[in-house]
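Just below is one structure, and these are the notes that go with it.
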Amino acid sequence: MWSLLTVATLISALGTTHGFFGALNHESPEVTMNISQMISYWGYPSEEYEVITEDGYILEVYRIPYGKKNAENTDAGYDVWLGNSRGNTWARRNIYYSPNSVEFWAFSFDEMAKYDLPATIDFIVKKTGGQEIHYVGHSQGTTIGFIAFSTNPKLAKKIKAFYALAPVATVKYIKSPLKELKLIPSFLFKVIFGNKEFFPHNYFDDFLGTELCSRKILNELCSNALFIICGFDHKNLNMSRLDVYLSHNPAGTSVQNMLHWSQAVKSGKFQAFDWGSPVQNMMHFNQPTPPIYSVTDMNVPIAVWNGGKDWLADPQDVDLLLPKLPHLIYHKNIPFYNHLDFIWAMDAPQEVYNEIVNLMRKDQN
């Protein structure tokens with residue numbers, strides 16, 4: 001991202017964003033859309049709901065209740081719900097705290113697992129009347145699934161199966177430059193980054209997507225900014241959609257969440273947030289050290305897909321995870337996949353999604 005900032009500054013100094021760096025690619029209308037609008041844009045029915053967590057966060061949750069009209073049997077026929085986690089673009093409200101307050105941002109993936117995921121699943125079950133649902137998670141979405149389903153047996157019983165894409169539990173072998181955050185002492189982390197939002201999605205990101213990275217000459221530079229964080233797979237990124245990706249990502253999270261991840265890199269353990277002292281940990285956990293999350297306690301069938309070029313969910317960390325999953329029903333390593341390929345790769349339907357649908361169908365038989 002710093003390389004992009006340098007280029008943007010250069011463009012400003014030249015006095016123009018037009019002409020010098022080549023023609024502007026056709027901009028997708030999805031750049032300025034919200035989630036419901038994007039769903040409708042592709043011809044699917046869309047419903048939007050608000051889920052309120054036990055601690056007051058308001059999560060926007062989206063539903064695709066059925067497939068496209070006249071789809072000629074190309075849709076799988078599932079009732080699809082898109083969940084959310086506190087603090088991102090679509091979950092920035094709380095009934096008690098303003099997003100301008102420190103209190104609003106006092107969370108990490110611990111709270112996402114303890115409050116957000118259970119509230120969302122309970123809402124879906126109540127709304128649909130279904131007793132069991134299929135849970136598909138990517139990256140941190142798998143992290144909160146591992147925590148929630150191993151610590152909350154009542155919730156786990158509502159999950160028919162867990163489909164984990166680029167699963168993240170330990171991050172001992174992470175190769176992404178984000179690992180360097182571990183070098184910052186915990187007491188300095190919030191001094192440097194503040195105590196609210198870590199990486200807000202702002203107008204500069206929109207500028208990157210619509211003005212800078214939509215120019216043909218700079219496409220490769222912008223895609224490399226993604227690859228440097230997540231791993232490289234040039235051939236699988238649809239460059240015509242780069243403006244859409246950069247206009248909506250990153251979606252933001254708390255400084256405390258990033259501090260939690262830096263602790264995980266440093267310790268090599270899958271454990272709760274370290275509040276900084278035995279006394280504070282006792283206040284939160286009734287023990288002087290953060291509890292370890294044990295995925296061996298997760299009684300949910302799970303299928304795993306991971307990438308050989310993933311710099312965040314590193315293959316070595318996945319290798320440590322797999323033997324601990326007591327109900328592993330399927331595993332596939334895709335050697336050329338990076339971290340984002342599971343959601344953006346042009347061949348993701350063939351490599352991943354079709355297999356997920358087939359596994360779901362087998363569960364129904």
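Residues in the structure tokens are numbered from 1 in each chain, the chains being A, B, ... in the order shown, and ligands are numbered from 1 in the order shown.
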
- Message: Please list as JSON, numbers by chain every residue within 8 Å of stretch 39-53 of chain A, counting only C-alpha atoms and excluding residues in the same chain fewer than 6 positions away.
- Response: {"A": [59, 60, 61, 62, 63, 64, 65, 66, 67, 68, 69, 115, 116, 119, 120, 123]}

Write out, as a tab-separated table (two decimals), in the first residue's frame, the residues just selected, with all heavy atoms.
chain	number	residue	atom	x	y	z
A	59	LEU	N	-25.25	-5.54	13.19
A	59	LEU	CA	-24.61	-6.14	12.03
A	59	LEU	C	-25.59	-6.18	10.86
A	59	LEU	O	-26.71	-6.68	11.01
A	59	LEU	CB	-24.16	-7.58	12.36
A	59	LEU	CG	-23.43	-7.81	13.68
A	59	LEU	CD1	-23.14	-9.31	13.85
A	59	LEU	CD2	-22.14	-7.01	13.74
A	60	GLU	N	-25.17	-5.67	9.73
A	60	GLU	CA	-25.99	-5.79	8.53
A	60	GLU	C	-25.76	-7.17	7.92
A	60	GLU	O	-24.62	-7.55	7.66
A	60	GLU	CB	-25.64	-4.69	7.53
A	60	GLU	CG	-26.00	-3.29	8.02
A	60	GLU	CD	-25.72	-2.23	6.99
A	60	GLU	OE1	-25.60	-2.57	5.79
A	60	GLU	OE2	-25.59	-1.05	7.36
A	61	VAL	N	-26.82	-7.91	7.73
A	61	VAL	CA	-26.76	-9.28	7.20
A	61	VAL	C	-27.62	-9.34	5.95
A	61	VAL	O	-28.71	-8.77	5.89
A	61	VAL	CB	-27.27	-10.28	8.26
A	61	VAL	CG1	-27.33	-11.68	7.69
A	61	VAL	CG2	-26.37	-10.24	9.50
A	62	TYR	N	-27.12	-10.04	4.94
A	62	TYR	CA	-27.78	-10.07	3.63
A	62	TYR	C	-28.20	-11.48	3.26
A	62	TYR	O	-27.51	-12.44	3.58
A	62	TYR	CB	-26.84	-9.48	2.57
A	62	TYR	CG	-26.36	-8.10	2.95
A	62	TYR	CD1	-25.18	-7.93	3.69
A	62	TYR	CD2	-27.09	-6.97	2.62
A	62	TYR	CE1	-24.76	-6.67	4.08
A	62	TYR	CE2	-26.68	-5.71	2.99
A	62	TYR	CZ	-25.51	-5.56	3.73
A	62	TYR	OH	-25.10	-4.32	4.12
A	63	ARG	N	-29.32	-11.55	2.56
A	63	ARG	CA	-29.88	-12.85	2.21
A	63	ARG	C	-30.20	-12.92	0.71
A	63	ARG	O	-30.75	-11.97	0.15
A	63	ARG	CB	-31.17	-13.10	2.99
A	63	ARG	CG	-31.81	-14.45	2.75
A	63	ARG	CD	-33.18	-14.52	3.43
A	63	ARG	NE	-33.74	-15.87	3.42
A	63	ARG	CZ	-34.97	-16.17	3.84
A	63	ARG	NH1	-35.76	-15.20	4.30
A	63	ARG	NH2	-35.40	-17.42	3.80
A	64	ILE	N	-29.82	-14.02	0.11
A	64	ILE	CA	-30.26	-14.35	-1.26
A	64	ILE	C	-31.16	-15.58	-1.09
A	64	ILE	O	-30.68	-16.71	-1.01
A	64	ILE	CB	-29.06	-14.67	-2.17
A	64	ILE	CG1	-28.04	-13.53	-2.14
A	64	ILE	CG2	-29.52	-14.94	-3.60
A	64	ILE	CD1	-26.75	-13.81	-2.89
A	65	PRO	N	-32.47	-15.36	-1.00
A	65	PRO	CA	-33.38	-16.46	-0.60
A	65	PRO	C	-33.54	-17.56	-1.64
A	65	PRO	O	-33.88	-18.69	-1.29
A	65	PRO	CB	-34.71	-15.74	-0.36
A	65	PRO	CG	-34.63	-14.51	-1.20
A	65	PRO	CD	-33.19	-14.10	-1.19
A	66	TYR	N	-33.33	-17.22	-2.90
A	66	TYR	CA	-33.45	-18.22	-3.96
A	66	TYR	C	-32.65	-17.74	-5.16
A	66	TYR	O	-32.07	-16.65	-5.15
A	66	TYR	CB	-34.92	-18.45	-4.33
A	66	TYR	CG	-35.70	-17.20	-4.62
A	66	TYR	CD1	-35.70	-16.62	-5.89
A	66	TYR	CD2	-36.43	-16.56	-3.62
A	66	TYR	CE1	-36.41	-15.45	-6.15
A	66	TYR	CE2	-37.14	-15.39	-3.87
A	66	TYR	CZ	-37.12	-14.84	-5.14
A	66	TYR	OH	-37.81	-13.68	-5.40
A	67	GLY	N	-32.60	-18.57	-6.19
A	67	GLY	CA	-31.76	-18.26	-7.34
A	67	GLY	C	-32.37	-17.26	-8.30
A	67	GLY	O	-33.45	-16.70	-8.06
A	68	LYS	N	-31.68	-17.03	-9.39
A	68	LYS	CA	-32.17	-16.12	-10.42
A	68	LYS	C	-33.45	-16.66	-11.05
A	68	LYS	O	-33.63	-17.86	-11.17
A	68	LYS	CB	-31.12	-15.94	-11.52
A	68	LYS	CG	-29.83	-15.30	-11.09
A	68	LYS	CD	-28.87	-15.20	-12.27
A	68	LYS	CE	-27.55	-14.59	-11.86
A	68	LYS	NZ	-26.60	-14.50	-13.01
A	69	LYS	N	-34.31	-15.75	-11.44
A	69	LYS	CA	-35.49	-16.18	-12.17
A	69	LYS	C	-35.07	-16.68	-13.56
A	69	LYS	O	-34.16	-16.11	-14.17
A	69	LYS	CB	-36.48	-15.02	-12.30
A	69	LYS	CG	-37.09	-14.59	-10.97
A	69	LYS	CD	-38.09	-13.47	-11.16
A	69	LYS	CE	-38.71	-13.08	-9.83
A	69	LYS	NZ	-39.68	-11.96	-9.98
A	115	TYR	N	-19.85	-13.22	20.20
A	115	TYR	CA	-21.13	-12.51	20.05
A	115	TYR	C	-21.67	-12.46	18.62
A	115	TYR	O	-22.84	-12.75	18.39
A	115	TYR	CB	-20.97	-11.07	20.56
A	115	TYR	CG	-20.60	-10.95	22.02
A	115	TYR	CD1	-19.35	-10.45	22.39
A	115	TYR	CD2	-21.48	-11.35	23.02
A	115	TYR	CE1	-19.00	-10.32	23.73
A	115	TYR	CE2	-21.14	-11.23	24.37
A	115	TYR	CZ	-19.90	-10.72	24.71
A	115	TYR	OH	-19.56	-10.62	26.03
A	116	ASP	N	-20.81	-12.08	17.66
A	116	ASP	CA	-21.31	-11.83	16.30
A	116	ASP	C	-21.81	-13.09	15.61
A	116	ASP	O	-22.92	-13.11	15.06
A	116	ASP	CB	-20.20	-11.20	15.44
A	116	ASP	CG	-19.77	-9.84	15.95
A	116	ASP	OD1	-20.35	-9.36	16.95
A	116	ASP	OD2	-18.86	-9.24	15.36
A	119	ALA	N	-25.01	-14.64	17.30
A	119	ALA	CA	-26.19	-13.81	17.06
A	119	ALA	C	-26.69	-13.97	15.63
A	119	ALA	O	-27.90	-14.06	15.39
A	119	ALA	CB	-25.86	-12.34	17.34
A	120	THR	N	-25.76	-14.04	14.68
A	120	THR	CA	-26.13	-14.18	13.28
A	120	THR	C	-26.76	-15.53	13.00
A	120	THR	O	-27.81	-15.63	12.35
A	120	THR	CB	-24.90	-13.97	12.39
A	120	THR	OG1	-24.34	-12.67	12.63
A	120	THR	CG2	-25.26	-14.10	10.92
A	123	PHE	N	-30.19	-15.80	14.54
A	123	PHE	CA	-31.15	-15.01	13.77
A	123	PHE	C	-31.60	-15.77	12.53
A	123	PHE	O	-32.79	-15.82	12.21
A	123	PHE	CB	-30.51	-13.68	13.36
A	123	PHE	CG	-31.42	-12.77	12.57
A	123	PHE	CD1	-32.24	-11.85	13.22
A	123	PHE	CD2	-31.47	-12.84	11.18
A	123	PHE	CE1	-33.09	-11.02	12.49
A	123	PHE	CE2	-32.31	-12.02	10.45
A	123	PHE	CZ	-33.12	-11.10	11.11

- Query: Could you pull the residues within 7 Å of A:Ile159, counting only C-alpha atoms, minus those fewer than 6 positions along the same chain, as a PyMOL selection string?
  - Reply: chain A and resi 132-135+300

- Message: Using Å and a single decimal, report how far atom CA of A:Gly252 sits from atom CA of A:Thr170.
- Response: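 Result for atom CA of A:Thr170 versus atom CA of A:Gly252: 21.6 Å, one decimal.
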
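In this comparison, which uses only C-alpha atoms, the residue of A:Leu259, A:Ala272, A:Tyr337, A:Leu322 approaching A:Val191 most closely is A:Leu259.
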
- Query: atom CA of A:Ala303 and atom CA of A:Trp81 are how many Å apart?
  - Reply: 19.1 Å

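Remark: for A:Lys114, the closest of the candidate residues A:Asn195, A:Thr151, A:Gln280, A:Gln256 is A:Thr151 (distances computed over only C-alpha atoms).
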
- Task: Run DSSP on the backbone and give me the residues of stretch 85-324 of chain A it puts in strand (DSSP E or B), as a ChimeraX atom specification.
- Result: /A:93-94,133-138,159-165,197,215,254,271,292,302-307

- Task: Considering only C-alpha atoms, state which residue in the set A:Gln316, A:Met360, A:His260, A:Tyr245 is at the smallest distance from A:Leu340.
- Result: A:Tyr245

- Task: Fewer than 2 positions away in the same chain doesn't count, so skip those; otherwise give me all residues within 10 Å of stretch 147-149 of chain A, counting only C-alpha atoms, as a PyMOL selection string.
- Result: chain A and resi 109-118+142-145+151-159+162+169+270-272+292-295+297-300

Go ahead and write the residues just picked, N, CA, C and O atoms, as a short mmCIF file (atom, residue, chain, number, x, y, z; two decimals), in the first residue's frame.
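The resulting again.cif:
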data_model
loop_
_atom_site.label_atom_id
_atom_site.label_comp_id
_atom_site.auth_asym_id
_atom_site.auth_seq_id
_atom_site.Cartn_x
_atom_site.Cartn_y
_atom_site.Cartn_z
N PHE A 109 -11.07 -10.59 17.39
CA PHE A 109 -11.84 -11.72 16.86
C PHE A 109 -12.43 -12.57 17.99
O PHE A 109 -13.31 -13.40 17.74
N ASP A 110 -11.98 -12.37 19.22
CA ASP A 110 -12.62 -13.03 20.37
C ASP A 110 -14.11 -12.70 20.43
O ASP A 110 -14.96 -13.58 20.55
N GLU A 111 -14.40 -11.39 20.37
CA GLU A 111 -15.79 -10.93 20.46
C GLU A 111 -16.60 -11.30 19.22
O GLU A 111 -17.81 -11.54 19.31
N MET A 112 -15.94 -11.33 18.07
CA MET A 112 -16.64 -11.74 16.85
C MET A 112 -17.15 -13.18 17.00
O MET A 112 -18.25 -13.52 16.56
N ALA A 113 -16.32 -14.02 17.62
CA ALA A 113 -16.68 -15.42 17.82
C ALA A 113 -17.69 -15.59 18.96
O ALA A 113 -18.59 -16.44 18.88
N LYS A 114 -17.54 -14.79 20.00
CA LYS A 114 -18.40 -14.92 21.18
C LYS A 114 -19.79 -14.33 20.96
O LYS A 114 -20.79 -14.86 21.47
N TYR A 115 -19.85 -13.22 20.20
CA TYR A 115 -21.13 -12.51 20.05
C TYR A 115 -21.67 -12.46 18.62
O TYR A 115 -22.84 -12.75 18.39
N ASP A 116 -20.81 -12.08 17.66
CA ASP A 116 -21.31 -11.83 16.30
C ASP A 116 -21.81 -13.09 15.61
O ASP A 116 -22.92 -13.11 15.06
N LEU A 117 -21.00 -14.14 15.61
CA LEU A 117 -21.38 -15.36 14.91
C LEU A 117 -22.59 -16.03 15.55
O LEU A 117 -23.54 -16.40 14.84
N PRO A 118 -22.64 -16.19 16.89
CA PRO A 118 -23.84 -16.78 17.49
C PRO A 118 -25.11 -15.98 17.22
O PRO A 118 -26.16 -16.55 16.93
N THR A 142 -13.01 -18.24 9.16
CA THR A 142 -12.75 -19.58 9.70
C THR A 142 -12.27 -19.48 11.14
O THR A 142 -12.62 -20.33 11.96
N THR A 143 -11.49 -18.47 11.45
CA THR A 143 -10.98 -18.28 12.81
C THR A 143 -12.12 -18.20 13.81
O THR A 143 -12.11 -18.89 14.84
N ILE A 144 -13.09 -17.34 13.52
CA ILE A 144 -14.19 -17.19 14.47
C ILE A 144 -15.06 -18.45 14.50
O ILE A 144 -15.68 -18.76 15.52
N GLY A 145 -15.10 -19.18 13.38
CA GLY A 145 -15.81 -20.45 13.37
C GLY A 145 -15.14 -21.47 14.27
O GLY A 145 -15.81 -22.16 15.06
N THR A 151 -16.08 -23.73 21.49
CA THR A 151 -16.36 -23.25 22.85
C THR A 151 -17.86 -23.16 23.14
O THR A 151 -18.24 -22.98 24.30
N ASN A 152 -18.68 -23.26 22.11
CA ASN A 152 -20.13 -23.11 22.27
C ASN A 152 -20.84 -24.33 21.67
O ASN A 152 -21.31 -24.29 20.54
N PRO A 153 -20.92 -25.42 22.42
CA PRO A 153 -21.51 -26.67 21.90
C PRO A 153 -22.95 -26.50 21.42
O PRO A 153 -23.37 -27.14 20.46
N LYS A 154 -23.71 -25.65 22.10
CA LYS A 154 -25.10 -25.42 21.71
C LYS A 154 -25.17 -24.82 20.30
O LYS A 154 -26.02 -25.20 19.49
N LEU A 155 -24.25 -23.89 20.02
CA LEU A 155 -24.20 -23.29 18.69
C LEU A 155 -23.73 -24.31 17.66
O LEU A 155 -24.26 -24.39 16.55
N ALA A 156 -22.72 -25.11 18.05
CA ALA A 156 -22.15 -26.09 17.12
C ALA A 156 -23.20 -27.08 16.63
O ALA A 156 -23.14 -27.55 15.48
N LYS A 157 -24.18 -27.39 17.46
CA LYS A 157 -25.22 -28.35 17.07
C LYS A 157 -26.10 -27.83 15.94
O LYS A 157 -26.79 -28.60 15.28
N LYS A 158 -26.08 -26.52 15.72
CA LYS A 158 -26.88 -25.93 14.65
C LYS A 158 -26.16 -25.93 13.30
O LYS A 158 -26.74 -25.54 12.29
N ILE A 159 -24.89 -26.38 13.32
CA ILE A 159 -24.08 -26.37 12.10
C ILE A 159 -24.03 -27.76 11.50
O ILE A 159 -23.52 -28.70 12.11
N PHE A 162 -19.00 -27.38 8.25
CA PHE A 162 -18.16 -26.18 8.22
C PHE A 162 -17.23 -26.32 7.01
O PHE A 162 -16.49 -27.29 6.90
N ALA A 169 -5.82 -20.52 12.05
CA ALA A 169 -5.86 -20.75 13.49
C ALA A 169 -4.55 -20.16 14.05
O ALA A 169 -4.50 -19.00 14.43
N PHE A 270 -2.81 -20.41 19.25
CA PHE A 270 -4.19 -20.02 18.94
C PHE A 270 -4.88 -19.78 20.28
O PHE A 270 -5.36 -20.70 20.92
N GLN A 271 -4.88 -18.52 20.70
CA GLN A 271 -5.39 -18.21 22.03
C GLN A 271 -6.10 -16.87 22.07
O GLN A 271 -6.02 -16.07 21.12
N ALA A 272 -6.78 -16.62 23.18
CA ALA A 272 -7.54 -15.40 23.35
C ALA A 272 -6.61 -14.19 23.49
O ALA A 272 -5.39 -14.33 23.65
N ILE A 292 -6.14 -21.02 25.76
CA ILE A 292 -5.84 -21.57 24.44
C ILE A 292 -7.14 -22.08 23.82
O ILE A 292 -7.96 -22.72 24.49
N TYR A 293 -7.34 -21.80 22.54
CA TYR A 293 -8.50 -22.34 21.83
C TYR A 293 -8.14 -23.72 21.29
O TYR A 293 -7.17 -23.87 20.55
N SER A 294 -8.93 -24.70 21.64
CA SER A 294 -8.66 -26.09 21.26
C SER A 294 -9.63 -26.54 20.17
O SER A 294 -10.81 -26.81 20.45
N VAL A 295 -9.15 -26.63 18.95
CA VAL A 295 -10.03 -27.05 17.85
C VAL A 295 -10.39 -28.52 17.96
O VAL A 295 -11.33 -28.98 17.30
N ASP A 297 -11.85 -29.74 20.28
CA ASP A 297 -13.15 -29.78 20.95
C ASP A 297 -14.31 -29.47 20.00
O ASP A 297 -15.45 -29.41 20.44
N MET A 298 -14.01 -29.25 18.73
CA MET A 298 -15.05 -28.86 17.77
C MET A 298 -15.69 -30.10 17.15
O MET A 298 -15.08 -30.80 16.35
N ASN A 299 -16.93 -30.36 17.51
CA ASN A 299 -17.64 -31.54 17.02
C ASN A 299 -18.50 -31.22 15.81
O ASN A 299 -19.68 -31.59 15.75
N VAL A 300 -17.91 -30.55 14.85
CA VAL A 300 -18.61 -30.19 13.62
C VAL A 300 -17.84 -30.77 12.44
O VAL A 300 -16.62 -30.60 12.35
#

- If you count only C-alpha atoms, the residue of A:Trp344, A:Trp305, A:Phe193, A:Phe198 closest to A:Ile356 turns out to be A:Trp305

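Nearest residue to A:Ala313 among A:Pro177, A:Pro167, A:Pro250, A:Gly129 is A:Pro167, counting only C-alpha atoms.
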
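With distances taken over only C-alpha atoms, A:Thr296 is the one residue among A:Gly83, A:Gly130, A:Ser36, A:Thr296 lying closest to A:Pro326.
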
- Do you have the atom CA of A:Val31-atom CA of A:Ser247 distance handy?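 For atom CA of A:Val31 relative to atom CA of A:Ser247, the distance reads 5.7 Å.
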